[in-house]
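The structure file coords-v2.cif is reproduced below (mmCIF, C-alpha atoms).
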data_final
loop_
_atom_site.group_PDB
_atom_site.id
_atom_site.type_symbol
_atom_site.label_atom_id
_atom_site.label_comp_id
_atom_site.auth_asym_id
_atom_site.auth_seq_id
_atom_site.Cartn_x
_atom_site.Cartn_y
_atom_site.Cartn_z
ATOM 1 C CA MET A 1 58.488 34.889 84.945
ATOM 2 C CA LEU A 2 61.871 36.626 85.012
ATOM 3 C CA ALA A 3 63.665 36.609 81.661
ATOM 4 C CA LEU A 4 67.373 37.233 81.201
ATOM 5 C CA VAL A 5 69.577 37.370 78.115
ATOM 6 C CA GLY A 6 73.364 37.238 78.037
ATOM 7 C CA GLU A 7 76.431 35.229 77.118
ATOM 8 C CA VAL A 8 77.392 31.743 78.254
ATOM 9 C CA LEU A 9 81.082 31.017 78.761
ATOM 10 C CA LEU A 10 83.137 28.131 80.003
ATOM 11 C CA ASP A 11 85.282 29.704 82.712
ATOM 12 C CA LEU A 12 88.663 28.001 83.000
ATOM 13 C CA ILE A 13 89.977 29.090 86.390
ATOM 14 C CA LEU A 14 93.717 28.845 86.929
ATOM 15 C CA GLU A 15 94.314 26.486 89.852
ATOM 16 C CA GLU A 16 97.963 25.579 89.423
ATOM 17 C CA ASP A 17 100.973 27.164 87.724
ATOM 18 C CA GLN A 18 103.936 24.810 87.490
ATOM 19 C CA GLY A 19 105.869 26.931 85.035
ATOM 20 C CA ALA A 20 105.872 24.385 82.223
ATOM 21 C CA ALA A 21 102.169 23.545 82.666
ATOM 22 C CA LEU A 22 99.002 25.255 83.868
ATOM 23 C CA GLY A 23 96.129 23.534 85.644
ATOM 24 C CA PHE A 24 92.574 24.862 85.197
ATOM 25 C CA ARG A 25 89.155 24.067 86.680
ATOM 26 C CA GLY A 26 86.205 24.467 84.297
ATOM 27 C CA VAL A 27 82.869 25.937 85.412
ATOM 28 C CA LEU A 28 79.950 27.685 83.730
ATOM 29 C CA GLY A 29 80.388 31.422 83.431
ATOM 30 C CA GLY A 30 78.713 34.540 82.105
ATOM 31 C CA SER A 31 77.535 37.565 84.076
ATOM 32 C CA VAL A 32 73.824 37.365 83.290
ATOM 33 C CA LEU A 33 73.893 33.567 83.583
ATOM 34 C CA ASN A 34 75.221 33.983 87.134
ATOM 35 C CA THR A 35 72.268 36.256 87.901
ATOM 36 C CA ALA A 36 69.787 33.828 86.334
ATOM 37 C CA SER A 37 71.260 30.900 88.276
ATOM 38 C CA ALA A 38 70.971 32.724 91.600
ATOM 39 C CA LEU A 39 67.342 33.652 90.875
ATOM 40 C CA SER A 40 66.548 30.045 89.997
ATOM 41 C CA ARG A 41 68.108 28.837 93.252
ATOM 42 C CA MET A 42 65.641 31.103 95.075
ATOM 43 C CA GLY A 43 62.826 29.113 93.466
ATOM 44 C CA LEU A 44 61.752 31.906 91.108
ATOM 45 C CA PRO A 45 60.578 31.156 87.533
ATOM 46 C CA VAL A 46 63.518 32.008 85.266
ATOM 47 C CA ARG A 47 63.882 31.905 81.490
ATOM 48 C CA PHE A 48 67.405 32.315 80.111
ATOM 49 C CA LEU A 49 67.938 33.329 76.494
ATOM 50 C CA SER A 50 71.386 32.919 75.017
ATOM 51 C CA GLU A 51 73.600 31.175 72.472
ATOM 52 C CA VAL A 52 75.856 28.117 72.545
ATOM 53 C CA GLY A 53 78.155 26.334 70.137
ATOM 54 C CA ALA A 54 78.034 22.851 68.635
ATOM 55 C CA ASP A 55 80.928 21.042 70.351
ATOM 56 C CA PHE A 56 81.027 18.723 73.369
ATOM 57 C CA LEU A 57 81.623 21.677 75.717
ATOM 58 C CA SER A 58 78.439 23.320 74.422
ATOM 59 C CA GLU A 59 76.496 20.130 75.052
ATOM 60 C CA TRP A 60 77.872 19.991 78.582
ATOM 61 C CA ALA A 61 77.026 23.667 79.184
ATOM 62 C CA GLU A 62 73.439 23.218 78.022
ATOM 63 C CA GLY A 63 72.957 20.237 80.326
ATOM 64 C CA ALA A 64 74.494 22.120 83.242
ATOM 65 C CA MET A 65 72.156 25.087 82.689
ATOM 66 C CA ARG A 66 69.101 22.834 82.592
ATOM 67 C CA ALA A 67 70.302 21.193 85.816
ATOM 68 C CA ARG A 68 70.147 24.655 87.400
ATOM 69 C CA GLY A 69 66.416 24.796 86.669
ATOM 70 C CA LEU A 70 66.653 27.340 83.861
ATOM 71 C CA ASP A 71 64.074 27.397 81.069
ATOM 72 C CA LEU A 72 66.357 27.775 78.041
ATOM 73 C CA TRP A 73 65.814 29.535 74.701
ATOM 74 C CA LEU A 74 69.066 29.099 72.783
ATOM 75 C CA PHE A 75 70.543 29.965 69.413
ATOM 76 C CA ARG A 76 73.116 27.390 68.316
ATOM 77 C CA HIS A 77 76.236 28.367 66.381
ATOM 78 C CA GLN A 78 78.251 25.908 64.315
ATOM 79 C CA ALA A 79 81.336 26.876 66.289
ATOM 80 C CA PRO A 80 83.125 25.896 69.508
ATOM 81 C CA MET A 81 82.038 27.084 72.944
ATOM 82 C CA PRO A 82 83.379 30.502 74.071
ATOM 83 C CA LEU A 83 86.001 30.369 76.834
ATOM 84 C CA ALA A 84 87.126 32.739 79.569
ATOM 85 C CA LEU A 85 90.475 31.994 81.173
ATOM 86 C CA VAL A 86 90.482 33.356 84.715
ATOM 87 C CA ARG A 87 93.288 34.129 87.129
ATOM 88 C CA LEU A 88 92.551 35.351 90.653
ATOM 89 C CA ASP A 89 94.823 37.951 92.211
ATOM 90 C CA GLU A 90 95.846 37.987 95.873
ATOM 91 C CA ALA A 91 92.654 39.831 96.847
ATOM 92 C CA GLY A 92 90.426 37.298 95.073
ATOM 93 C CA ASN A 93 89.618 39.592 92.148
ATOM 94 C CA ALA A 94 89.389 37.977 88.709
ATOM 95 C CA LEU A 95 91.542 38.801 85.695
ATOM 96 C CA TYR A 96 90.131 37.504 82.394
ATOM 97 C CA SER A 97 91.327 36.391 78.972
ATOM 98 C CA PHE A 98 88.344 35.909 76.640
ATOM 99 C CA HIS A 99 88.198 33.605 73.613
ATOM 100 C CA ARG A 100 84.934 34.127 71.759
ATOM 101 C CA PRO A 101 84.586 32.366 68.380
ATOM 102 C CA PHE A 102 80.977 33.241 67.471
ATOM 103 C CA GLN A 103 80.729 35.315 64.294
ATOM 104 C CA GLU A 104 77.138 34.778 63.123
ATOM 105 C CA ALA A 105 74.419 37.193 64.183
ATOM 106 C CA PHE A 106 72.391 36.233 67.255
ATOM 107 C CA ARG A 107 68.683 35.687 66.670
ATOM 108 C CA LEU A 108 65.845 33.868 68.411
ATOM 109 C CA LYS A 109 62.308 33.134 67.331
ATOM 110 C CA PRO A 110 59.724 35.468 68.923
ATOM 111 C CA GLY A 111 57.529 34.421 71.831
ATOM 112 C CA GLY A 112 60.182 33.822 74.471
ATOM 113 C CA LEU A 113 59.103 36.805 76.546
ATOM 114 C CA LYS A 114 55.368 36.160 76.686
ATOM 115 C CA GLY A 115 54.185 36.954 80.210
ATOM 116 C CA ALA A 116 57.612 38.153 81.388
ATOM 117 C CA TRP A 117 57.702 40.425 84.454
ATOM 118 C CA GLY A 118 61.034 41.793 83.348
ATOM 119 C CA LEU A 119 63.992 41.350 81.007
ATOM 120 C CA HIS A 120 67.500 41.728 82.392
ATOM 121 C CA PHE A 121 70.471 41.949 80.013
ATOM 122 C CA GLY A 122 74.028 43.198 79.812
ATOM 123 C CA SER A 123 77.739 42.445 79.935
ATOM 124 C CA LEU A 124 79.772 41.422 76.863
ATOM 125 C CA PHE A 125 76.684 40.187 75.028
ATOM 126 C CA ALA A 126 75.058 43.628 74.943
ATOM 127 C CA LEU A 127 78.184 45.352 73.615
ATOM 128 C CA GLU A 128 78.657 43.274 70.457
ATOM 129 C CA GLY A 129 77.551 44.542 67.093
ATOM 130 C CA ARG A 130 76.588 41.036 65.900
ATOM 131 C CA THR A 131 74.076 40.621 68.762
ATOM 132 C CA ALA A 132 72.538 44.093 68.441
ATOM 133 C CA ARG A 133 69.613 43.266 66.111
ATOM 134 C CA GLY A 134 68.673 40.110 67.993
ATOM 135 C CA LEU A 135 68.782 41.938 71.321
ATOM 136 C CA GLU A 136 66.763 44.813 69.880
ATOM 137 C CA ALA A 137 64.049 42.352 68.843
ATOM 138 C CA LEU A 138 63.927 41.029 72.414
ATOM 139 C CA LEU A 139 63.758 44.523 73.896
ATOM 140 C CA LEU A 140 60.850 45.399 71.607
ATOM 141 C CA GLU A 141 59.086 42.173 72.556
ATOM 142 C CA ALA A 142 59.647 42.883 76.248
ATOM 143 C CA GLU A 143 58.288 46.402 75.877
ATOM 144 C CA GLY A 144 55.222 44.985 74.137
ATOM 145 C CA GLU A 145 54.689 42.705 77.133
ATOM 146 C CA GLY A 146 54.970 45.626 79.540
ATOM 147 C CA ALA A 147 58.078 44.080 81.087
ATOM 148 C CA LEU A 148 60.564 46.021 83.184
ATOM 149 C CA LEU A 149 63.917 46.459 81.430
ATOM 150 C CA SER A 150 67.038 46.039 83.556
ATOM 151 C CA TYR A 151 70.630 46.553 82.369
ATOM 152 C CA ASP A 152 74.071 45.849 83.860
ATOM 153 C CA PRO A 153 76.972 46.939 81.594
ATOM 154 C CA ASN A 154 79.539 44.914 83.597
ATOM 155 C CA LEU A 155 82.413 46.501 81.703
ATOM 156 C CA ARG A 156 85.796 44.740 81.690
ATOM 157 C CA GLN A 157 87.824 47.606 80.205
ATOM 158 C CA SER A 158 87.429 51.138 78.922
ATOM 159 C CA PRO A 159 84.667 51.013 76.299
ATOM 160 C CA SER A 160 85.306 51.976 72.711
ATOM 161 C CA PRO A 161 83.345 54.993 71.442
ATOM 162 C CA GLU A 162 80.825 52.603 69.854
ATOM 163 C CA GLU A 163 80.483 50.563 73.048
ATOM 164 C CA ARG A 164 80.080 53.688 75.159
ATOM 165 C CA ALA A 165 77.361 55.010 72.846
ATOM 166 C CA ARG A 166 75.560 51.657 72.989
ATOM 167 C CA THR A 167 75.796 51.544 76.795
ATOM 168 C CA LEU A 168 74.387 55.056 77.193
ATOM 169 C CA ALA A 169 71.596 54.327 74.694
ATOM 170 C CA TYR A 170 70.543 51.338 76.794
ATOM 171 C CA ALA A 171 70.664 53.498 79.930
ATOM 172 C CA GLU A 172 68.177 55.876 78.313
ATOM 173 C CA ARG A 173 65.813 53.024 77.517
ATOM 174 C CA VAL A 174 65.701 50.877 80.648
ATOM 175 C CA GLN A 175 63.915 51.431 83.941
ATOM 176 C CA LEU A 176 66.656 49.897 86.125
ATOM 177 C CA LEU A 177 70.385 50.422 85.620
ATOM 178 C CA LYS A 178 72.850 48.576 87.841
ATOM 179 C CA LEU A 179 76.513 49.523 87.668
ATOM 180 C CA SER A 180 79.603 48.902 89.735
ATOM 181 C CA LEU A 181 81.804 51.787 90.783
ATOM 182 C CA GLU A 182 84.366 50.414 88.308
ATOM 183 C CA ASP A 183 81.762 50.613 85.508
ATOM 184 C CA ALA A 184 81.029 54.220 86.437
ATOM 185 C CA ARG A 185 84.724 55.144 86.406
ATOM 186 C CA LEU A 186 85.231 53.519 83.006
ATOM 187 C CA LEU A 187 82.233 55.344 81.534
ATOM 188 C CA PHE A 188 82.762 58.674 83.309
ATOM 189 C CA PRO A 189 86.389 58.951 84.436
ATOM 190 C CA GLU A 190 86.127 62.606 85.477
ATOM 191 C CA SER A 191 83.017 62.548 87.687
ATOM 192 C CA PRO A 192 81.521 59.029 87.920
ATOM 193 C CA LEU A 193 78.977 59.550 90.703
ATOM 194 C CA GLU A 194 77.640 62.840 89.392
ATOM 195 C CA GLU A 195 77.264 61.584 85.839
ATOM 196 C CA VAL A 196 75.585 58.332 86.876
ATOM 197 C CA LYS A 197 73.172 60.356 88.975
ATOM 198 C CA ALA A 198 72.377 62.542 85.955
ATOM 199 C CA LEU A 199 71.491 59.620 83.666
ATOM 200 C CA PRO A 200 67.808 59.528 82.598
ATOM 201 C CA THR A 201 67.206 55.980 83.888
ATOM 202 C CA PRO A 202 64.469 56.128 86.582
ATOM 203 C CA LEU A 203 66.276 53.834 89.054
ATOM 204 C CA LYS A 204 70.070 53.794 89.064
ATOM 205 C CA VAL A 205 71.908 51.487 91.487
ATOM 206 C CA LEU A 206 75.649 51.710 92.008
ATOM 207 C CA THR A 207 77.538 49.015 93.928
ATOM 208 C CA LEU A 208 80.461 50.243 96.021
ATOM 209 C CA GLY A 209 82.251 47.002 96.899
ATOM 210 C CA PRO A 210 82.777 46.642 100.667
ATOM 211 C CA GLU A 211 81.169 50.071 101.193
ATOM 212 C CA GLY A 212 77.716 48.799 100.152
ATOM 213 C CA ALA A 213 75.534 50.420 97.500
ATOM 214 C CA VAL A 214 73.788 53.649 96.584
ATOM 215 C CA ALA A 215 70.619 54.172 94.560
ATOM 216 C CA PHE A 216 69.467 57.318 92.796
ATOM 217 C CA TRP A 217 65.691 57.406 92.637
ATOM 218 C CA GLY A 218 63.846 60.543 91.636
ATOM 219 C CA GLY A 219 65.558 63.312 93.537
ATOM 220 C CA GLU A 220 66.616 60.991 96.341
ATOM 221 C CA GLU A 221 69.892 59.247 97.134
ATOM 222 C CA VAL A 222 69.552 56.048 99.159
ATOM 223 C CA ARG A 223 72.682 54.449 100.650
ATOM 224 C CA VAL A 224 73.147 51.197 102.533
ATOM 225 C CA PRO A 225 76.409 49.947 104.091
ATOM 226 C CA GLY A 226 78.303 46.814 103.158
ATOM 227 C CA GLU A 227 78.386 43.614 105.193
ATOM 228 C CA ARG A 228 81.728 42.346 106.499
ATOM 229 C CA VAL A 229 82.553 38.760 105.578
ATOM 230 C CA ALA A 230 85.628 36.590 105.152
ATOM 231 C CA VAL A 231 86.266 36.891 101.405
ATOM 232 C CA ALA A 232 87.179 33.762 99.430
ATOM 233 C CA ASP A 233 86.946 35.683 96.134
ATOM 234 C CA THR A 234 84.721 38.313 94.524
ATOM 235 C CA VAL A 235 83.796 36.339 91.381
ATOM 236 C CA GLY A 236 80.099 36.811 90.599
ATOM 237 C CA ALA A 237 79.441 39.148 93.533
ATOM 238 C CA GLY A 238 78.008 41.907 91.337
ATOM 239 C CA ASP A 239 75.869 39.434 89.391
ATOM 240 C CA THR A 240 74.518 38.050 92.662
ATOM 241 C CA PHE A 241 73.756 41.576 93.877
ATOM 242 C CA THR A 242 71.624 42.028 90.757
ATOM 243 C CA ALA A 243 69.794 38.768 91.476
ATOM 244 C CA GLY A 244 68.970 39.906 95.001
ATOM 245 C CA LEU A 245 67.757 43.295 93.790
ATOM 246 C CA LEU A 246 65.551 41.829 91.043
ATOM 247 C CA ALA A 247 64.151 39.140 93.344
ATOM 248 C CA LEU A 248 63.125 41.650 95.991
ATOM 249 C CA LEU A 249 61.566 44.104 93.531
ATOM 250 C CA TYR A 250 59.703 41.177 91.937
ATOM 251 C CA ARG A 251 58.423 39.854 95.265
ATOM 252 C CA LYS A 252 57.365 43.333 96.381
ATOM 253 C CA GLY A 253 55.309 43.773 93.208
ATOM 254 C CA TYR A 254 57.352 46.533 91.603
ATOM 255 C CA GLY A 255 57.367 46.055 87.837
ATOM 256 C CA ARG A 256 57.459 48.401 84.884
ATOM 257 C CA ALA A 257 53.961 49.780 85.507
ATOM 258 C CA THR A 258 54.391 50.153 89.280
ATOM 259 C CA LEU A 259 58.045 51.173 89.684
ATOM 260 C CA GLY A 260 56.995 54.806 89.899
ATOM 261 C CA ALA A 261 55.278 53.999 93.205
ATOM 262 C CA LEU A 262 58.458 52.535 94.741
ATOM 263 C CA GLU A 263 58.588 53.430 98.441
ATOM 264 C CA ARG A 264 61.886 54.521 99.989
ATOM 265 C CA GLU A 265 61.725 51.854 102.706
ATOM 266 C CA ASP A 266 61.135 49.144 100.101
ATOM 267 C CA LEU A 267 64.114 50.396 98.097
ATOM 268 C CA GLU A 268 66.294 50.414 101.201
ATOM 269 C CA GLU A 269 65.289 46.857 102.035
ATOM 270 C CA ALA A 270 65.936 45.706 98.465
ATOM 271 C CA LEU A 271 69.391 47.284 98.566
ATOM 272 C CA ARG A 272 70.177 45.734 101.954
ATOM 273 C CA GLY A 273 69.087 42.341 100.665
ATOM 274 C CA ALA A 274 71.148 42.675 97.492
ATOM 275 C CA VAL A 275 74.234 43.746 99.467
ATOM 276 C CA ALA A 276 73.791 40.829 101.881
ATOM 277 C CA LEU A 277 73.454 38.341 99.020
ATOM 278 C CA SER A 278 76.526 39.671 97.221
ATOM 279 C CA ALA A 279 78.521 39.477 100.470
ATOM 280 C CA LEU A 280 77.396 35.877 100.856
ATOM 281 C CA ALA A 281 78.678 35.127 97.343
ATOM 282 C CA CYS A 282 82.123 36.386 98.399
ATOM 283 C CA THR A 283 82.395 33.716 101.111
ATOM 284 C CA VAL A 284 82.762 30.868 98.585
ATOM 285 C CA ARG A 285 85.020 30.373 95.590
ATOM 286 C CA GLY A 286 83.503 31.061 92.207
ATOM 287 C CA ALA A 287 80.123 32.477 91.217
ATOM 288 C CA GLY A 288 77.899 30.602 93.645
ATOM 289 C CA LEU A 289 76.157 30.725 97.000
ATOM 290 C CA PRO A 290 76.478 28.430 100.020
ATOM 291 C CA GLU A 291 73.256 26.457 100.535
ATOM 292 C CA GLU A 292 72.844 27.149 104.243
ATOM 293 C CA GLY A 293 73.626 30.819 103.798
ATOM 294 C CA LEU A 294 71.139 31.144 100.933
ATOM 295 C CA ARG A 295 68.398 29.528 103.020
ATOM 296 C CA ALA A 296 69.088 32.004 105.815
ATOM 297 C CA TRP A 297 69.034 34.912 103.349
ATOM 298 C CA MET A 298 65.703 33.783 101.905
ATOM 299 C CA ALA A 299 64.205 33.502 105.387
ATOM 300 C CA ARG A 300 65.483 36.986 106.253
ATOM 301 C CA PHE A 301 64.487 38.841 103.092
ATOM 302 C CA LEU A 302 61.858 36.719 101.307
ATOM 303 C CA GLY A 303 60.150 35.325 104.397
ATOM 304 C CA GLU A 304 60.764 31.729 103.306
#
Could you quickly redo this structure as structure tokens?
Amino acid sequence: MLALVGEVLLDLILEEDQGAALGFRGVLGGSVLNTASALSRMGLPVRFLSEVGADFLSEWAEGAMRARGLDLWLFRHQAPMPLALVRLDEAGNALYSFHRPFQEAFRLKPGGLKGAWGLHFGSLFALEGRTARGLEALLLEAEGEGALLSYDPNLRQSPSPEERARTLAYAERVQLLKLSLEDARLLFPESPLEEVKALPTPLKVLTLGPEGAVAFWGGEEVRVPGERVAVADTVGAGDTFTAGLLALLYRKGYGRATLGALEREDLEEALRGAVALSALACTVRGAGLPEEGLRAWMARFLGE
């Protein structure tokens, strides 16, 4: 079972600007939720741990997540559902305005990670002080299960000193760290590649947009090129990359206890698969994958 923990948002995507009125389209959002949803669409067993509110939007979000095949462990706040207002620029990149009403500390009952192969976490959820103790309890539970820890900071802006310290502390603890080049520049503005490479995380993977991805593994640097596609937008591309990477490591049998035996050719294939899946996500609007394209990807990389 693959376990993931992160925020759930209602993304309100700007579709129409008439000056006096704005028109939005509402969809489920959240970086780690996007990753969980992609893994579930591959037919993998996925448990998603998160928090929702108590209004009608929260009820809708919970139903929509269950419809995606996710096994949910949720903490419910007596507050409205968090929102992310999204505007796409001319290149299809998303600009966000977040509205996050939760104030109470996040906590879940233990037992949600029993038998987990890995726990992936990150994004806004992992930066908040109010979620820190609840997330720490999950990390300890995952470590007790011998689960691989995977982290994606998915930074939206320059981190505060506290957020930077928290991000680097997670990087020291996990076995897999996935960052975008933008994340690396926000964390290490002077020398992003060199400082990512020097982090103590065993496997560090850096996405490079259309240029592909690079992994730092032991003393090796493994690069794979990007795949050219007609881009509808880039929403969720990085989250989908993470799903492809986790799925391929999972299927190849590389977990916490066996990651040290990771072969270079297996890493290259996992990176190629993750790049191909993220490119596929760019061909449709929003954080999703086209059905026919996903089937072709699964046949190519998972042998299904």
Please tabulate, as CSV, the residues of range 9-118 of chain A that come within 12 Å of range 240-264 of chain A, each with its closest pair of atoms and the distance in Å to one decimal, counting only C-alpha atoms and ordering rows by chain, then residue number upward.
residue,atom,partner,partner_atom,distance
A:Gly30,CA,A:Thr240,CA,11.9
A:Ser31,CA,A:Thr240,CA,9.1
A:Val32,CA,A:Thr242,CA,9.1
A:Leu33,CA,A:Thr240,CA,10.1
A:Asn34,CA,A:Thr240,CA,6.9
A:Thr35,CA,A:Ala243,CA,5.0
A:Ala36,CA,A:Ala243,CA,7.1
A:Ser37,CA,A:Ala243,CA,8.6
A:Ala38,CA,A:Ala243,CA,6.2
A:Leu39,CA,A:Ala243,CA,5.7
A:Ser40,CA,A:Ala243,CA,9.4
A:Arg41,CA,A:Ala243,CA,10.2
A:Met42,CA,A:Ala247,CA,8.4
A:Gly43,CA,A:Ala247,CA,10.1
A:Leu44,CA,A:Ala247,CA,7.9
A:Pro45,CA,A:Ala247,CA,10.5
A:Val46,CA,A:Ala247,CA,10.8
A:Ala116,CA,A:Gly255,CA,10.2
A:Trp117,CA,A:Gly255,CA,6.6
A:Gly118,CA,A:Gly255,CA,7.2
Deliver the residues from the most recent selection as a file, using C-alpha atoms, as a PDB file, in the frame of the given file.
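Dumped everything to out_36.pdb:
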ATOM      1  CA  GLY A  30      78.713  34.540  82.105  1.00  0.00           C
ATOM      2  CA  SER A  31      77.535  37.565  84.076  1.00  0.00           C
ATOM      3  CA  VAL A  32      73.824  37.365  83.290  1.00  0.00           C
ATOM      4  CA  LEU A  33      73.893  33.567  83.583  1.00  0.00           C
ATOM      5  CA  ASN A  34      75.221  33.983  87.134  1.00  0.00           C
ATOM      6  CA  THR A  35      72.268  36.256  87.901  1.00  0.00           C
ATOM      7  CA  ALA A  36      69.787  33.828  86.334  1.00  0.00           C
ATOM      8  CA  SER A  37      71.260  30.900  88.276  1.00  0.00           C
ATOM      9  CA  ALA A  38      70.971  32.724  91.600  1.00  0.00           C
ATOM     10  CA  LEU A  39      67.342  33.652  90.875  1.00  0.00           C
ATOM     11  CA  SER A  40      66.548  30.045  89.997  1.00  0.00           C
ATOM     12  CA  ARG A  41      68.108  28.837  93.252  1.00  0.00           C
ATOM     13  CA  MET A  42      65.641  31.103  95.075  1.00  0.00           C
ATOM     14  CA  GLY A  43      62.826  29.113  93.466  1.00  0.00           C
ATOM     15  CA  LEU A  44      61.752  31.906  91.108  1.00  0.00           C
ATOM     16  CA  PRO A  45      60.578  31.156  87.533  1.00  0.00           C
ATOM     17  CA  VAL A  46      63.518  32.008  85.266  1.00  0.00           C
ATOM     18  CA  ALA A 116      57.612  38.153  81.388  1.00  0.00           C
ATOM     19  CA  TRP A 117      57.702  40.425  84.454  1.00  0.00           C
ATOM     20  CA  GLY A 118      61.034  41.793  83.348  1.00  0.00           C
TER      21      GLY A 118
END
What would the selection look like, as an MDAnalysis selection string, if the PyMOL selection byres ((chain A and resi 290) around 12) were run on the coordinates I just shared? chainID A and resid 38 41 232 277:289 291:297
Just the selected residues (C-alpha atoms), exported as a CSV table (one decimal), in the frame of the given file, please.
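As written to disk, part_7.csv reads:
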chain,number,residue,atom,x,y,z
A,38,ALA,CA,71.0,32.7,91.6
A,41,ARG,CA,68.1,28.8,93.3
A,232,ALA,CA,87.2,33.8,99.4
A,277,LEU,CA,73.5,38.3,99.0
A,278,SER,CA,76.5,39.7,97.2
A,279,ALA,CA,78.5,39.5,100.5
A,280,LEU,CA,77.4,35.9,100.9
A,281,ALA,CA,78.7,35.1,97.3
A,282,CYS,CA,82.1,36.4,98.4
A,283,THR,CA,82.4,33.7,101.1
A,284,VAL,CA,82.8,30.9,98.6
A,285,ARG,CA,85.0,30.4,95.6
A,286,GLY,CA,83.5,31.1,92.2
A,287,ALA,CA,80.1,32.5,91.2
A,288,GLY,CA,77.9,30.6,93.6
A,289,LEU,CA,76.2,30.7,97.0
A,291,GLU,CA,73.3,26.5,100.5
A,292,GLU,CA,72.8,27.1,104.2
A,293,GLY,CA,73.6,30.8,103.8
A,294,LEU,CA,71.1,31.1,100.9
A,295,ARG,CA,68.4,29.5,103.0
A,296,ALA,CA,69.1,32.0,105.8
A,297,TRP,CA,69.0,34.9,103.3
So which residues are close to (65.0, 45.7, 72.3), meaning at most 10 Å away in the file's coordinates with all atoms listed in the file counted, and can you show them as a PDB file with C-alpha atoms, in the frame of the given file?
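Final file, selection_37.pdb:
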ATOM      1  CA  LEU A 119      63.992  41.350  81.007  1.00  0.00           C
ATOM      2  CA  ALA A 132      72.538  44.093  68.441  1.00  0.00           C
ATOM      3  CA  ARG A 133      69.613  43.266  66.111  1.00  0.00           C
ATOM      4  CA  GLY A 134      68.673  40.110  67.993  1.00  0.00           C
ATOM      5  CA  LEU A 135      68.782  41.938  71.321  1.00  0.00           C
ATOM      6  CA  GLU A 136      66.763  44.813  69.880  1.00  0.00           C
ATOM      7  CA  ALA A 137      64.049  42.352  68.843  1.00  0.00           C
ATOM      8  CA  LEU A 138      63.927  41.029  72.414  1.00  0.00           C
ATOM      9  CA  LEU A 139      63.758  44.523  73.896  1.00  0.00           C
ATOM     10  CA  LEU A 140      60.850  45.399  71.607  1.00  0.00           C
ATOM     11  CA  GLU A 141      59.086  42.173  72.556  1.00  0.00           C
ATOM     12  CA  ALA A 142      59.647  42.883  76.248  1.00  0.00           C
ATOM     13  CA  GLU A 143      58.288  46.402  75.877  1.00  0.00           C
ATOM     14  CA  GLY A 144      55.222  44.985  74.137  1.00  0.00           C
ATOM     15  CA  LEU A 149      63.917  46.459  81.430  1.00  0.00           C
ATOM     16  CA  TYR A 170      70.543  51.338  76.794  1.00  0.00           C
ATOM     17  CA  ARG A 173      65.813  53.024  77.517  1.00  0.00           C
ATOM     18  CA  VAL A 174      65.701  50.877  80.648  1.00  0.00           C
TER      19      VAL A 174
END
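Here CA of Ala126 in chain A stands at a distance of 25.3 Å from CA of Ala270 in chain A.
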Starting from the displayed file, determine the output of the PyMOL selection byres ((chain A and resi 181-189) around 7) and express the residue list as number ranges by chain. A: 154-155, 158, 164, 179-180, 190-192, 195-196, 206-208
The PyMOL selection byres ((chain A and resi 130) around 8) on the file shown: which residues, as a PyMOL selection string? chain A and resi 103-106+128-129+131-133
Could you jot down the CA of Gly29 in chain A to CA of Leu10 in chain A separation for me, Å, one decimal place? 5.5 Å
Correct to one decimal, the distance CA of Leu70 in chain A-CA of Arg87 in chain A is 27.7 Å
Range 211-213 of chain A: which residues within 8 Å, counting only C-alpha atoms, same-chain residues fewer than 2 positions away excluded, as a VMD selection string? chain A and resid 205 to 209 215 223 to 227 271 275
Find the spatial neighbours of range 54-56 of chain A, counting only C-alpha atoms, within a cut-off of 7 Å - ignore same-chain residues fewer than 2 positions away - and output them as a list in words.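 Those residues are Val52, Ser58, Glu59, Trp60, Arg76, His77, Gln78, Ala79, Pro80 and Met81 of chain A.
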Output C-alpha atoms for every residue in that selection, as a JSON list (two decimals), in the coordinates of the input.
[["chain", "number", "residue", "atom", "x", "y", "z"],
["A", 52, "VAL", "CA", 75.86, 28.12, 72.54],
["A", 58, "SER", "CA", 78.44, 23.32, 74.42],
["A", 59, "GLU", "CA", 76.50, 20.13, 75.05],
["A", 60, "TRP", "CA", 77.87, 19.99, 78.58],
["A", 76, "ARG", "CA", 73.12, 27.39, 68.32],
["A", 77, "HIS", "CA", 76.24, 28.37, 66.38],
["A", 78, "GLN", "CA", 78.25, 25.91, 64.32],
["A", 79, "ALA", "CA", 81.34, 26.88, 66.29],
["A", 80, "PRO", "CA", 83.12, 25.90, 69.51],
["A", 81, "MET", "CA", 82.04, 27.08, 72.94]]
From A:Trp217, A:Ala274, A:Leu74, A:Glu145, residue lying nearest Lys109 in chain A [all atoms listed in the file]: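 Ranked by minimum distance to Lys109 in chain A, first place goes to A:Leu74.
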Between A:Ala299, A:Val214, A:Ala237, A:Leu85, which is the closest to Gly23 in chain A once you count all atoms listed in the file?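 Among A:Ala299, A:Val214, A:Ala237, A:Leu85, it is A:Leu85 that comes nearest to Gly23 in chain A.
The residue that comes closest to Asp71 in chain A, out of A:Leu57, A:Ala21, A:Leu83, A:Met1 and on the basis of all atoms listed in the file, is A:Met1.
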Given the choices A:Asp17, A:Glu162, A:Arg156, A:Glu7, which gets closest to Gly122 in chain A if the distance is worked out from only C-alpha atoms?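 Smallest separation from Gly122 in chain A among the options: A:Glu7.
Using only C-alpha atoms for every distance, the candidate list A:Phe48, A:Asp89, A:Leu9, A:Lys114 yields A:Leu9 as the residue closest to Ala61 in chain A.
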